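Accompanying notes for the structure given below.
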Amino acid sequence: MVYETLIIGVVIALLYSEWADLYPGGIIVPAYMALYLDRPLKIVITIAVAFFALLSYRLLSRFFILFGRRRFVLLLLFGAFWAFAWGIAWPHLFGPSTGLKAIGWIIPGLLANNLEKQKKLPTLAGLLTVSVLTYFCARVVALVF
């Protein structure tokens, strides 16, 4: 079911980006979010980590010229760093039983990259729309096949 959801998510995100001329947080990000719609705190944490990565990038961009590939790689690295830091800090602060981590290490960076390139509200609205649509389409496909 995971592979089908990822493929459906990529197709829907591509169609959405062509229709709306707006990326919903990237091409693969909504598909991964759709996999975790039953655990909304993971999604909230992932979005928070993406905003931490974006904030870190903006602080560093005051001192360095960062655009293009450098911006993309730096946002991926900041996303991975903050996701890793969250995964380390959370169990020590609140106990290991909760297991609340970000969705991967790359997903927050990809989301942060799109938040930087586009406005925040349309990006998050597109992310929510495509993720929910992907979730329901994947469930229909699972019922049919």
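A note on labels: chains of the structure tokens are A, B, ... as shown, every chain counts residues from 1, and ligands are counted from 1 in their shown order.
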Q: Please identify all polymer residues within 12 Å of Leu14 in chain A, counting only C-alpha atoms, omitting same-chain residues fewer than 3 positions from it, and present them as number ranges by chain.
A: A: 7-11, 17-31, 126, 130, 134
Q | Filtered DSSP result for chain A, state helix (DSSP H, G or I), as a PyMOL selection string | A | chain A and resi 2-20+29-35+40-60+69-94+107-117+120-144
Q | Minimum-distance residue to Lys120 in chain A, chosen among A:Phe136, A:Phe64, A:Phe51, A:Phe81 (using only C-alpha atoms) | A | A:Phe51
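For the atom pair formed by CA of Ala80 in chain A and CA of Trp105 in chain A, the distance is 4.3 Å, given to one decimal.
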Q. Counting only C-alpha atoms, what is within 9 Å of range 53-59 of chain A, bar same-chain residues fewer than 6 positions away, as an MDAnalysis selection string?
A. chainID A and resid 66 71 74:82 108:109 112:113 115:116
Mind writing the picked residues with C-alpha atoms as an mmCIF file, in the first residue's frame?
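This is the output file out35.cif:
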```
data_model
loop_
_atom_site.group_PDB
_atom_site.id
_atom_site.type_symbol
_atom_site.label_atom_id
_atom_site.label_comp_id
_atom_site.auth_asym_id
_atom_site.auth_seq_id
_atom_site.Cartn_x
_atom_site.Cartn_y
_atom_site.Cartn_z
ATOM 1 C CA LEU A 66 22.649 31.670 -0.887
ATOM 2 C CA ARG A 71 19.929 27.243 -1.062
ATOM 3 C CA LEU A 74 21.411 24.077 2.719
ATOM 4 C CA LEU A 75 17.664 23.771 3.345
ATOM 5 C CA LEU A 76 17.921 19.974 2.996
ATOM 6 C CA LEU A 77 20.801 19.932 5.464
ATOM 7 C CA PHE A 78 19.009 22.205 7.926
ATOM 8 C CA GLY A 79 15.877 20.071 7.610
ATOM 9 C CA ALA A 80 17.877 16.928 8.310
ATOM 10 C CA PHE A 81 19.699 18.584 11.196
ATOM 11 C CA TRP A 82 16.518 19.816 12.896
ATOM 12 C CA PRO A 108 11.278 18.783 6.066
ATOM 13 C CA GLY A 109 14.055 20.194 3.880
ATOM 14 C CA ALA A 112 11.281 24.267 3.591
ATOM 15 C CA ASN A 113 12.643 24.762 0.079
ATOM 16 C CA LEU A 115 8.168 27.466 1.605
ATOM 17 C CA GLU A 116 11.134 29.661 0.716
#
```
Q: Tell me, as a list in words, which residues lie within 9 Å of Leu35 in chain A, counting only C-alpha atoms; anything in the same chain fewer than 6 positions away does not count.
A: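 Listing them by chain and then by number gives Val2, Thr5, Leu6, Ser131, Thr134 and Tyr135 of chain A.
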Produce a file of the selected residues containing N, CA and C atoms, as a PDB file, in the first residue's frame.
```pdb
ATOM      1  N   VAL A   2       2.070   1.164   0.526  1.00  0.00           N
ATOM      2  CA  VAL A   2       2.951   2.331   0.591  1.00  0.00           C
ATOM      3  C   VAL A   2       3.368   2.772  -0.806  1.00  0.00           C
ATOM      4  N   THR A   5       0.518   4.448  -2.666  1.00  0.00           N
ATOM      5  CA  THR A   5       0.258   5.800  -2.152  1.00  0.00           C
ATOM      6  C   THR A   5       1.305   6.782  -2.665  1.00  0.00           C
ATOM      7  N   LEU A   6       2.554   6.369  -2.692  1.00  0.00           N
ATOM      8  CA  LEU A   6       3.611   7.263  -3.184  1.00  0.00           C
ATOM      9  C   LEU A   6       3.430   7.573  -4.665  1.00  0.00           C
ATOM     10  N   SER A 131      -2.386  16.126  -0.107  1.00  0.00           N
ATOM     11  CA  SER A 131      -2.213  15.009   0.828  1.00  0.00           C
ATOM     12  C   SER A 131      -3.533  14.305   1.104  1.00  0.00           C
ATOM     13  N   THR A 134      -4.672  12.484  -2.027  1.00  0.00           N
ATOM     14  CA  THR A 134      -3.859  11.285  -2.192  1.00  0.00           C
ATOM     15  C   THR A 134      -4.302  10.193  -1.233  1.00  0.00           C
ATOM     16  N   TYR A 135      -4.552  10.565   0.000  1.00  0.00           N
ATOM     17  CA  TYR A 135      -4.986   9.599   1.011  1.00  0.00           C
ATOM     18  C   TYR A 135      -6.263   8.883   0.568  1.00  0.00           C
TER      19      TYR A 135
END
```
**Q.** For Ala48 in chain A, the nearest of the candidates A:Ala34, A:Leu60, A:Ala13, A:Ile107, counting only C-alpha atoms
**A.** A:Ile107
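Nearest to Ile45 in chain A of all the residues A:Leu93, A:Ala138, A:Ile88, A:Ala102 is A:Ala102, counting only C-alpha atoms.
From CA of Val132 in chain A back to CA of Phe52 in chain A, the distance works out to 24.3 Å.
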Q. Which residue gives the smallest distance to Val73 in chain A among A:Leu121, A:Ala89, A:Ile106, A:Leu37, with only C-alpha atoms counted?
A. A:Ile106
Q. To one decimal place, how far is CA of Ala125 in chain A from CA of Glu4 in chain A in Å?
A. 23.1 Å
